[in-house]
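> Before I ask anything, let me first share the structure, which is written out below as structure tokens.
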Amino acid sequence: MGDRETSNHSEMTDFILVGFRVPPELHSLLFLLFLLVYSMILLGNIGMMAIIMTDPQLNTPMFFLGNLSFIDLFYSSVIAPKAMVNFWSESKSISFAGCVTQLFLFALFIVTEGFLLAAMAYDRFISICNPLFYSVQMSTRLCTQLVVGSYFCGCISSVLLTRITFTLPFCASRAIDHFYCGSCPLQRISCSDLYFCKIVFFSLSSSIILPTITVIIVSYMYTVFTVLKIRSTEGHKKAFSTCISYLGVVSVLYGAVFFMYLTPDRYPELSKVASLCYTLVTPMLNPLIYSLRNKDVKEVLRKILKNKIVLFNSFLTVI
């Protein structure tokens, strides 16, 4: 009986992504919502990368922002297109290889983003608290090492998480109660004892979240203390506005992750809603918060718009 109800992962050909448990008439609305948000993600992040490539002389924070846009673009692309297809698909299936790839890539990019956000918080701390030595302390070499280190940590974490998850034996029911292949939803359809898996998963998550969130909080605390010493009211307002915006995006990301993994299994729909925050909302907000508040980005945008206007006027003159 047990052999009939359990199927090892190597024997599986595909899984089923249940998605959101809503009436069929709402599928079109959800599809349009996903399409709108994903279009904004593509526009914002591709535009950000295009701006950076247009002007390579931008300062070092742009190096972090370019990688952040790349990460946001790709990890949302790992999730959103398949979710949108499933709104119109009757089978809602995903192949075993596709599920492995989706989990691996998503884990890679989301962990990398966590470490990159910590590096960006440290960069902002140096730029505000020690501006005279910023170019020395945040050299191109150090920035490159921080970015490469973020990808390395993301890759190692992703390999471990994917390996642990897909060594589990899965039940005959292949229905994953989520809109993408995540580690927690996959664990719910496993027929084995999850004690060891949960211990490893908790240890891995703690080793990622605790260091990054600590660096972010400490960096911004020192930044706020430094800002409070600024006598200029305008300087106060500008610095606080920037810090609050950045912390807002970080809070959405980490808050959603905490909420999703702390939500009891009997409330899967809440977990799906929380997942939307870091799979779609955060990648949509990051280009707006991190980029449009950067004076260098604004300056490059002004130059591009000015050149376009001049070119358009020249074209009208010729006509």
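FYI, nothing fancy with the structure tokens labels: chains A, B, ... in order, residues from 1 per chain, ligands from 1 as they appear.
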Apply DSSP to the backbone of this structure and, from stretch 86-315 of chain A, keep only the residues in strand (DSSP E or B); write these as a list in words.
Ser93, Ile94, Ser95, Phe170, Cys171, Ala175, Ile176 and Ser190 of chain A
> Which of stretch 15-186 of chain A counts as alpha helix (DSSP H) under DSSP, as a PyMOL selection string please?
chain A and resi 27-54+61-88+96-129+134-137+140-165+183-186
> Output as CSV one row per residue of stretch 127-211 of chain A within 9 Å of stretch 71-86 of chain A: the closest atom pair and its distance in Å to one decimal place, counting only C-alpha atoms, sorted by chain and residue number ascending.

```
residue,atom,partner,partner_atom,distance
A:Phe179,CA,A:Ala83,CA,5.9
A:Tyr180,CA,A:Ile79,CA,6.3
A:Cys181,CA,A:Ile79,CA,8.7
```
> Would you give me, as a Markdown table, each residue of stretch 114-216 of chain A having an atom within 10 Å of an atom of stretch 94-110 of chain A, along with its shortest atom pair and that distance in Å to one decimal, using only C-alpha atoms and sorting by chain and residue number?

```
| residue | atom | partner | partner_atom | distance |
| --- | --- | --- | --- | --- |
| A:Gly114 | CA | A:Ile110 | CA | 6.5 |
| A:Phe115 | CA | A:Ile110 | CA | 9.0 |
| A:Leu116 | CA | A:Ile110 | CA | 9.8 |
| A:Ser150 | CA | A:Phe109 | CA | 9.5 |
| A:Tyr151 | CA | A:Leu108 | CA | 7.5 |
| A:Phe152 | CA | A:Leu108 | CA | 9.0 |
| A:Cys153 | CA | A:Leu108 | CA | 8.3 |
| A:Gly154 | CA | A:Leu108 | CA | 4.6 |
| A:Cys155 | CA | A:Leu108 | CA | 5.3 |
| A:Ile156 | CA | A:Leu108 | CA | 8.1 |
| A:Ser157 | CA | A:Leu108 | CA | 7.1 |
| A:Ser158 | CA | A:Leu108 | CA | 5.0 |
| A:Val159 | CA | A:Phe104 | CA | 6.8 |
| A:Leu160 | CA | A:Phe104 | CA | 9.3 |
| A:Leu161 | CA | A:Ala107 | CA | 7.8 |
| A:Thr162 | CA | A:Phe104 | CA | 5.8 |
| A:Arg163 | CA | A:Phe104 | CA | 9.1 |
| A:Thr165 | CA | A:Val100 | CA | 9.2 |
| A:Phe166 | CA | A:Val100 | CA | 7.7 |
| A:Tyr180 | CA | A:Gln102 | CA | 7.6 |
| A:Cys181 | CA | A:Cys99 | CA | 5.6 |
| A:Gly182 | CA | A:Leu103 | CA | 5.8 |
| A:Ser183 | CA | A:Leu103 | CA | 7.2 |
| A:Leu186 | CA | A:Cys99 | CA | 9.8 |
```
> Go ahead and write the residues just picked, N, CA and C atoms, as a short mmCIF file (atom, residue, chain, number, x, y, z; two decimals), in the first residue's frame.

```
data_model
loop_
_atom_site.label_atom_id
_atom_site.label_comp_id
_atom_site.auth_asym_id
_atom_site.auth_seq_id
_atom_site.Cartn_x
_atom_site.Cartn_y
_atom_site.Cartn_z
N GLY A 114 19.55 39.26 -1.13
CA GLY A 114 19.70 39.55 0.30
C GLY A 114 21.09 40.03 0.65
N PHE A 115 22.10 39.35 0.15
CA PHE A 115 23.48 39.74 0.41
C PHE A 115 23.82 41.06 -0.30
N LEU A 116 23.26 41.24 -1.50
CA LEU A 116 23.53 42.48 -2.23
C LEU A 116 22.91 43.68 -1.53
N SER A 150 28.28 37.90 -3.17
CA SER A 150 26.82 37.75 -3.06
C SER A 150 26.33 36.62 -3.96
N TYR A 151 26.82 36.60 -5.21
CA TYR A 151 26.43 35.53 -6.14
C TYR A 151 26.94 34.17 -5.66
N PHE A 152 28.14 34.14 -5.10
CA PHE A 152 28.71 32.90 -4.62
C PHE A 152 27.86 32.33 -3.47
N CYS A 153 27.50 33.19 -2.52
CA CYS A 153 26.65 32.75 -1.40
C CYS A 153 25.29 32.27 -1.91
N GLY A 154 24.76 32.98 -2.89
CA GLY A 154 23.48 32.58 -3.48
C GLY A 154 23.57 31.23 -4.15
N CYS A 155 24.66 30.99 -4.87
CA CYS A 155 24.84 29.73 -5.59
C CYS A 155 24.99 28.56 -4.62
N ILE A 156 25.83 28.72 -3.60
CA ILE A 156 26.02 27.65 -2.62
C ILE A 156 24.71 27.33 -1.90
N SER A 157 24.00 28.37 -1.47
CA SER A 157 22.73 28.17 -0.77
C SER A 157 21.71 27.47 -1.66
N SER A 158 21.67 27.87 -2.93
CA SER A 158 20.71 27.30 -3.88
C SER A 158 21.00 25.83 -4.14
N VAL A 159 22.27 25.49 -4.29
CA VAL A 159 22.66 24.09 -4.53
C VAL A 159 22.24 23.23 -3.33
N LEU A 160 22.53 23.71 -2.12
CA LEU A 160 22.18 22.94 -0.91
C LEU A 160 20.67 22.78 -0.77
N LEU A 161 19.93 23.88 -0.95
CA LEU A 161 18.48 23.84 -0.79
C LEU A 161 17.84 22.92 -1.83
N THR A 162 18.27 23.04 -3.08
CA THR A 162 17.70 22.21 -4.14
C THR A 162 18.03 20.73 -3.92
N ARG A 163 19.26 20.48 -3.51
CA ARG A 163 19.68 19.10 -3.25
C ARG A 163 18.87 18.48 -2.12
N THR A 165 15.92 19.39 -0.96
CA THR A 165 14.49 19.30 -1.29
C THR A 165 14.19 18.12 -2.20
N PHE A 166 15.00 17.93 -3.22
CA PHE A 166 14.68 16.90 -4.22
C PHE A 166 15.28 15.53 -3.93
N TYR A 180 4.36 28.46 -7.62
CA TYR A 180 5.70 28.12 -8.12
C TYR A 180 6.29 27.01 -7.26
N CYS A 181 7.37 26.42 -7.73
CA CYS A 181 8.02 25.33 -7.01
C CYS A 181 8.93 25.90 -5.92
N GLY A 182 8.40 25.99 -4.72
CA GLY A 182 9.17 26.44 -3.57
C GLY A 182 9.53 25.27 -2.67
N SER A 183 10.53 25.47 -1.84
CA SER A 183 10.98 24.39 -0.96
C SER A 183 9.88 23.97 0.02
N LEU A 186 6.96 22.06 -1.59
CA LEU A 186 7.40 20.73 -1.98
C LEU A 186 7.53 19.81 -0.77
#
```
> In terms of the shortest atom-to-atom distance over only C-alpha atoms, which of A:Ile216, A:Leu276, A:Leu36, A:Ile199 is closest to A:Ser251?
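When distances to A:Ser251 are compared using only C-alpha atoms, the smallest one comes from A:Ile216.
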> Using atom CA of A:Leu253 and atom CA of A:Val147 as the two end points, give the distance in Å to one decimal.
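Interatomic distance here is 19.0 Å.
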> Just the residues within 8 Å of A:Val215, please, counting only C-alpha atoms, with nothing from its chain fewer than 5 positions along; format it as an MDAnalysis selection string.
chainID A and resid 118 121:122
> Store the residues picked out above, limited to all heavy atoms, as a compact mmCIF listing (two decimals), in the first residue's frame.

```
# COMPACT_ATOMS: atom_id res chain seq x y z
N ALA A 118 22.54 43.97 1.65
CA ALA A 118 23.43 44.24 2.78
C ALA A 118 24.65 45.03 2.33
O ALA A 118 25.09 45.98 3.01
CB ALA A 118 23.86 42.92 3.43
N ALA A 121 23.61 48.58 1.75
CA ALA A 121 23.43 49.30 3.01
C ALA A 121 24.78 49.75 3.57
O ALA A 121 24.92 50.88 4.07
CB ALA A 121 22.71 48.41 4.03
N TYR A 122 25.78 48.88 3.47
CA TYR A 122 27.14 49.23 3.92
C TYR A 122 27.70 50.36 3.06
O TYR A 122 28.34 51.30 3.58
CB TYR A 122 28.04 48.01 3.86
CG TYR A 122 29.48 48.29 4.22
CD1 TYR A 122 29.84 48.53 5.55
CD2 TYR A 122 30.47 48.32 3.24
CE1 TYR A 122 31.16 48.81 5.89
CE2 TYR A 122 31.79 48.58 3.58
CZ TYR A 122 32.13 48.83 4.90
OH TYR A 122 33.43 49.11 5.24
```
> One decimal, Å: what's the distance from atom CA of A:Met260 over to atom CA of A:Ser275, could you say?
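According to the coordinates, atom CA of A:Met260 and atom CA of A:Ser275 are separated by 6.6 Å.
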> Name all residues at most 12 Å from A:Phe202 (count only C-alpha atoms; drop same-chain ones fewer than 5 positions away) and give them as a VMD selection string.
chain A and resid 161 183 to 184 194 to 197 207 to 210 258 261 to 262
> May I ask which of the residues A:Phe20, A:Tyr254, A:Phe34, A:Phe259 is the closest one to A:Val111, counting only C-alpha atoms?
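So, comparing all the options, the nearest one is A:Tyr254.
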> When you draw a straight line from atom CA of A:Arg188 to atom CA of A:Val200, how long is it in Å?
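Interatomic distance, atom CA of A:Arg188 to atom CA of A:Val200: 15.9 Å.
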